[in-house]
$ cat data_10.cif   # mmCIF, C-alpha atoms and all ligand atoms
data_final
loop_
_atom_site.label_atom_id
_atom_site.label_comp_id
_atom_site.auth_asym_id
_atom_site.auth_seq_id
_atom_site.Cartn_x
_atom_site.Cartn_y
_atom_site.Cartn_z
CA MET V 1 -45.86 -26.70 16.94
CA MET V 2 -48.67 -24.59 15.46
CA LEU V 3 -48.88 -20.96 16.44
CA ILE V 4 -51.41 -18.30 15.45
CA LYS V 5 -49.84 -14.85 15.44
CA ALA V 6 -50.46 -11.38 14.05
CA LEU V 7 -49.24 -10.78 10.50
CA THR V 8 -47.07 -7.87 9.41
CA THR V 9 -46.27 -6.46 5.97
CA ALA V 10 -43.06 -8.54 6.11
CA ASP V 11 -45.32 -11.59 5.62
CA ILE V 12 -46.70 -10.34 2.28
CA PRO V 13 -44.39 -12.49 0.07
CA ALA V 14 -45.47 -15.64 1.97
CA LEU V 15 -49.12 -14.52 1.87
CA LEU V 16 -48.92 -14.05 -1.89
CA SER V 17 -47.37 -17.43 -2.48
CA ILE V 18 -50.22 -19.14 -0.59
CA GLU V 19 -52.95 -16.95 -2.07
CA THR V 20 -51.90 -17.26 -5.72
CA VAL V 21 -51.90 -21.07 -5.57
CA ALA V 22 -54.95 -21.64 -3.33
CA ASN V 23 -57.33 -18.95 -4.49
CA ARG V 24 -58.76 -18.90 -8.01
CA TYR V 25 -59.30 -15.14 -7.69
CA PRO V 26 -56.25 -14.09 -5.67
CA TRP V 27 -55.60 -10.82 -3.92
CA THR V 28 -52.72 -8.83 -5.38
CA GLU V 29 -49.76 -7.47 -3.45
CA GLY V 30 -51.45 -4.04 -3.52
CA VAL V 31 -54.60 -5.38 -1.86
CA PHE V 32 -52.59 -7.15 0.85
CA THR V 33 -50.59 -3.98 1.48
CA SER V 34 -53.74 -1.84 1.76
CA CYS V 35 -55.25 -4.18 4.36
CA PHE V 36 -52.83 -3.36 7.17
CA GLY V 37 -53.72 -0.57 9.58
CA SER V 38 -55.49 0.13 12.82
CA GLN V 39 -58.91 -1.15 11.67
CA TYR V 40 -57.50 -4.50 10.61
CA PHE V 41 -56.69 -7.64 12.54
CA ASN V 42 -54.78 -10.11 10.42
CA PHE V 43 -53.45 -13.42 11.70
CA GLY V 44 -51.47 -16.32 10.30
CA ILE V 45 -51.09 -19.92 11.41
CA PHE V 46 -47.44 -20.97 11.48
CA ALA V 47 -45.58 -24.24 11.98
CA ASN V 48 -41.85 -23.85 12.59
CA ASP V 49 -42.04 -20.27 11.29
CA GLN V 50 -43.64 -21.45 8.04
CA LEU V 51 -46.92 -19.75 7.15
CA LEU V 52 -49.65 -22.35 6.49
CA GLY V 53 -52.69 -20.10 6.27
CA PHE V 54 -54.08 -16.72 7.21
CA TYR V 55 -57.09 -14.49 7.61
CA PHE V 56 -57.71 -10.78 7.23
CA GLY V 57 -60.32 -9.18 9.49
CA GLN V 58 -61.56 -5.65 9.95
CA PHE V 59 -63.40 -4.09 12.88
CA ILE V 60 -65.35 -0.87 12.43
CA ALA V 61 -67.72 0.64 15.01
CA ILE V 62 -69.64 -2.46 16.11
CA GLU V 63 -69.11 -5.03 13.38
CA SER V 64 -66.28 -7.19 12.20
CA GLN V 65 -65.76 -8.35 8.63
CA LEU V 66 -63.82 -11.34 7.37
CA PHE V 67 -62.14 -10.17 4.19
CA ASN V 68 -60.06 -13.20 3.37
CA ILE V 69 -59.24 -16.61 4.76
CA CYS V 70 -56.93 -18.99 2.96
CA ILE V 71 -55.06 -22.17 3.75
CA ARG V 72 -52.01 -23.37 1.83
CA ARG V 73 -53.33 -25.82 -0.73
CA ASP V 74 -51.37 -28.83 0.55
CA GLN V 75 -52.62 -28.11 4.09
CA GLN V 76 -56.34 -27.88 3.33
CA GLY V 77 -58.75 -30.34 4.92
CA ASN V 78 -56.69 -30.64 8.12
CA GLY V 79 -58.74 -28.34 10.34
CA LEU V 80 -56.61 -25.21 9.93
CA GLY V 81 -59.41 -23.17 8.33
CA GLY V 82 -61.62 -24.05 11.29
CA LYS V 83 -58.90 -23.00 13.74
CA LEU V 84 -58.41 -19.65 12.00
CA LEU V 85 -62.14 -18.92 11.73
CA THR V 86 -62.55 -19.74 15.43
CA HIS V 87 -59.70 -17.30 16.13
CA PHE V 88 -61.40 -14.61 13.99
CA ILE V 89 -64.64 -15.06 15.96
CA ALA V 90 -62.78 -14.83 19.30
CA GLN V 91 -60.96 -11.68 18.13
CA SER V 92 -64.31 -10.18 17.04
CA GLU V 93 -65.74 -10.91 20.49
CA GLN V 94 -62.70 -9.37 22.18
CA ARG V 95 -63.47 -6.17 20.25
CA GLU V 96 -67.09 -6.45 21.45
CA ALA V 97 -68.42 -6.75 17.90
CA THR V 98 -72.17 -7.37 17.82
CA GLU V 99 -71.98 -9.25 14.51
CA ALA V 100 -69.37 -10.76 12.21
CA TRP V 101 -69.95 -10.54 8.45
CA LEU V 102 -68.41 -12.01 5.33
CA GLU V 103 -69.10 -12.42 1.65
CA VAL V 104 -68.47 -15.57 -0.34
CA ARG V 105 -68.89 -16.74 -3.91
CA ALA V 106 -71.95 -18.97 -4.28
CA SER V 107 -69.75 -21.65 -5.90
CA ASN V 108 -67.30 -21.84 -2.98
CA VAL V 109 -68.86 -24.85 -1.28
CA SER V 110 -65.86 -25.60 1.01
CA ALA V 111 -65.87 -22.09 2.42
CA ILE V 112 -69.67 -21.95 2.79
CA ASN V 113 -69.57 -25.29 4.66
CA LEU V 114 -66.82 -23.97 6.94
CA TYR V 115 -68.73 -20.77 7.72
CA THR V 116 -72.00 -22.64 8.30
CA LYS V 117 -70.26 -25.15 10.58
CA LEU V 118 -69.15 -22.28 12.82
CA GLY V 119 -72.58 -20.67 12.95
CA PHE V 120 -72.72 -18.17 10.09
CA ILE V 121 -76.10 -17.87 8.40
CA GLU V 122 -76.98 -16.57 4.95
CA ALA V 123 -78.22 -13.00 5.35
CA GLY V 124 -78.54 -11.91 1.73
CA ARG V 125 -77.35 -12.27 -1.82
CA ARG V 126 -75.92 -9.91 -4.43
CA PRO V 127 -76.95 -11.46 -7.76
CA ASN V 128 -74.23 -11.73 -10.42
CA TYR V 129 -71.82 -9.83 -8.19
CA TYR V 130 -68.59 -11.62 -9.12
CA SER V 131 -67.04 -12.37 -12.48
CA SER V 132 -66.33 -16.06 -12.88
CA ALA V 133 -65.20 -18.54 -15.51
CA GLY V 134 -68.81 -19.13 -16.54
CA GLY V 135 -69.73 -15.43 -16.61
CA LYS V 136 -71.10 -14.12 -13.32
CA GLU V 137 -71.94 -15.59 -9.95
CA ASP V 138 -73.77 -14.44 -6.84
CA ALA V 139 -72.16 -13.17 -3.68
CA ILE V 140 -73.66 -14.65 -0.55
CA MET V 141 -73.52 -12.44 2.53
CA MET V 142 -73.24 -14.36 5.77
CA CYS V 143 -73.61 -13.13 9.32
CA LEU V 144 -72.79 -14.46 12.77
CA PRO V 145 -74.55 -12.73 15.69
CA LEU V 146 -72.14 -12.41 18.62
CA ARG V 147 -72.73 -12.29 22.35
CA PHE V 148 -72.52 -8.48 22.51
CA SER V 149 -75.60 -8.17 20.29
CA ASN V 150 -77.96 -8.17 23.31
C1 LIG V 201 -62.16 -22.64 2.58
C2 LIG V 201 -60.86 -23.02 3.31
C3 LIG V 201 -60.34 -21.80 4.07
C4 LIG V 201 -61.20 -24.14 4.33
O1 LIG V 201 -60.03 -24.42 5.10
P1 LIG V 201 -59.60 -25.92 5.46
O2 LIG V 201 -58.46 -25.87 6.41
O3 LIG V 201 -59.43 -26.69 4.21
O4 LIG V 201 -60.93 -26.42 6.21
P2 LIG V 201 -61.02 -27.38 7.50
O5 LIG V 201 -60.15 -28.58 7.30
O6 LIG V 201 -60.80 -26.58 8.74
O7 LIG V 201 -62.54 -27.87 7.40
C5 LIG V 201 -63.55 -27.21 8.13
C6 LIG V 201 -64.89 -27.41 7.44
O8 LIG V 201 -64.88 -26.76 6.15
C7 LIG V 201 -65.68 -27.51 5.24
N1 LIG V 201 -64.82 -28.01 4.16
C8 LIG V 201 -63.46 -27.94 4.08
N2 LIG V 201 -63.02 -28.49 2.93
C9 LIG V 201 -64.12 -28.92 2.27
C10 LIG V 201 -64.32 -29.56 1.01
N3 LIG V 201 -63.28 -29.89 0.20
N4 LIG V 201 -65.59 -29.83 0.61
C11 LIG V 201 -66.64 -29.51 1.39
N5 LIG V 201 -66.51 -28.89 2.60
C12 LIG V 201 -65.27 -28.61 3.04
C13 LIG V 201 -66.27 -28.65 6.04
O9 LIG V 201 -67.49 -28.20 6.62
C14 LIG V 201 -65.25 -28.84 7.13
O10 LIG V 201 -65.77 -29.45 8.27
P3 LIG V 201 -65.73 -31.08 8.39
O11 LIG V 201 -64.28 -31.45 8.24
O12 LIG V 201 -66.29 -31.33 9.75
O13 LIG V 201 -66.56 -31.58 7.26
C15 LIG V 201 -59.79 -23.57 2.32
O14 LIG V 201 -60.37 -24.57 1.53
C16 LIG V 201 -59.18 -22.53 1.39
O15 LIG V 201 -58.18 -21.90 1.74
N6 LIG V 201 -59.77 -22.34 0.18
C17 LIG V 201 -59.21 -21.41 -0.82
C18 LIG V 201 -59.42 -19.96 -0.45
C19 LIG V 201 -60.88 -19.63 -0.23
O16 LIG V 201 -61.74 -20.01 -1.01
N7 LIG V 201 -61.18 -18.87 0.86
C20 LIG V 201 -62.54 -18.49 1.24
C21 LIG V 201 -63.07 -17.32 0.49
S1 LIG V 201 -62.21 -15.81 0.74
#
$ encode --input "data_10.cif" --output "structure tokens"
Amino acid sequence: MMLIKALTTADIPALLSIETVANRYPWTEGVFTSCFGSQYFNFGIFANDQLLGFYFGQFIAIESQLFNICIRRDQQGNGLGGKLLTHFIAQSEQREATEAWLEVRASNVSAINLYTKLGFIEAGRRPNYYSSAGGKEDAIMMCLPLRFSN
């Protein structure tokens, strides 16, 4: 049975093992460790206590930010990313966020499709923001207006 539950620092080894395989530009242990605290809401999707994917969110003042979302490579394409992003949006609404924001590499078509499918729209670009294999690539900033924005 699948279960989405809050992550703790005890999950960092499992987070790292998913992140280093699935993400071409993985977070380090130090980054994971620094992203726990009262401003953060971080959840994992588990099956039989095995972590299959996760997201890291932050809520400050009136906005939420999606800092990372990643699905174990052999579990991608099965709807888990959609489930976690839906959970992130619901958590943002629970906190009465007016908008949810994220940044994504322009080359990350799977992620951009996922975000667009759930209503995020491109709100801006930072040209040549990220280093990449080919040199530099743009960051696309995406925004989802939430129901507390009125
Ligand atoms: C991006 C990611 C989270 C998507 O998770 P996922 O579980 O594979 O995605 P889902 O199965 O829930 O698919 C949801 C939607 O995402 C898009 N998508 C997913 N995989 C895709 C692919 N290979 N090509 C194009 N679009 C894709 C589609 O819009 C899809 O909807 P559809 O099935 O109706 O077409 C996953 O690929 C991943 O972990 N990537 C590596 C880490 C990463 O890049 N994270 C985002 C930046 S921090």
$ closest_residue --input "data_10.cif" --among "V:Lys5, V:Lys117, V:Arg24, V:Arg73" --to "Asn42 of chain V" --atoms "all atoms listed in the file"
V:Lys5
$ closest_residue --input "data_10.cif" --among "V:Leu114, V:Ala47, V:Ile18, V:Leu52" --to "ligand LIG 201 (chain V)" --atoms "all atoms listed in the file"
V:Leu114
$ residues_near_ligand --input "data_10.cif" --ligand "ligand LIG 201 (chain V)" --cutoff "10 Å" --atoms "all atoms listed in the file" --output "PyMOL selection string"
chain V and resi 18-27+52-56+66-86+102-105+107-118
$ closest_residue --input "data_10.cif" --among "V:Glu122, V:Glu99, V:Glu93, V:Asp49" --to "Ala139 of chain V" --atoms "all atoms listed in the file"
V:Glu122
$ closest_residue --input "data_10.cif" --among "V:Lys136, V:Ala10, V:Ser131, V:Phe41" --to "Ala90 of chain V" --atoms "only C-alpha atoms"
V:Phe41
$ atom_distance --input "data_10.cif" --atom1 "atom CA of Gln94 of chain V" --atom2 "atom CA of Phe43 of chain V"
14.6 Å
$ closest_residue --input "data_10.cif" --among "V:Arg95, V:Arg125, V:Arg147, V:His87" --to "Leu3 of chain V" --atoms "all atoms listed in the file"
V:His87
$ atom_distance --input "data_10.cif" --atom1 "atom CA of Leu146 of chain V" --atom2 "atom CA of Thr98 of chain V"
5.1 Å
$ atom_distance --input "data_10.cif" --atom1 "atom CA of Ile62 of chain V" --atom2 "atom CA of Ala100 of chain V"
9.2 Å
$ closest_residue --input "data_10.cif" --among "V:Asn48, V:Ser34, V:Asn128, V:Gln65" --to "Met2 of chain V" --atoms "all atoms listed in the file"
V:Asn48
$ residues_around --input "data_10.cif" --residues "Gln39 of chain V" --least-positions-apart "6" --cutoff "8 Å" --atoms "only C-alpha atoms" --output "PDB file with C-alpha atoms, keeping the file's coordinate frame"
ATOM      1  CA  GLN V  58     -61.560  -5.650   9.950  1.00  0.00           C
ATOM      2  CA  PHE V  59     -63.400  -4.090  12.880  1.00  0.00           C
ATOM      3  CA  ILE V  60     -65.350  -0.870  12.430  1.00  0.00           C
TER       4      ILE V  60
END
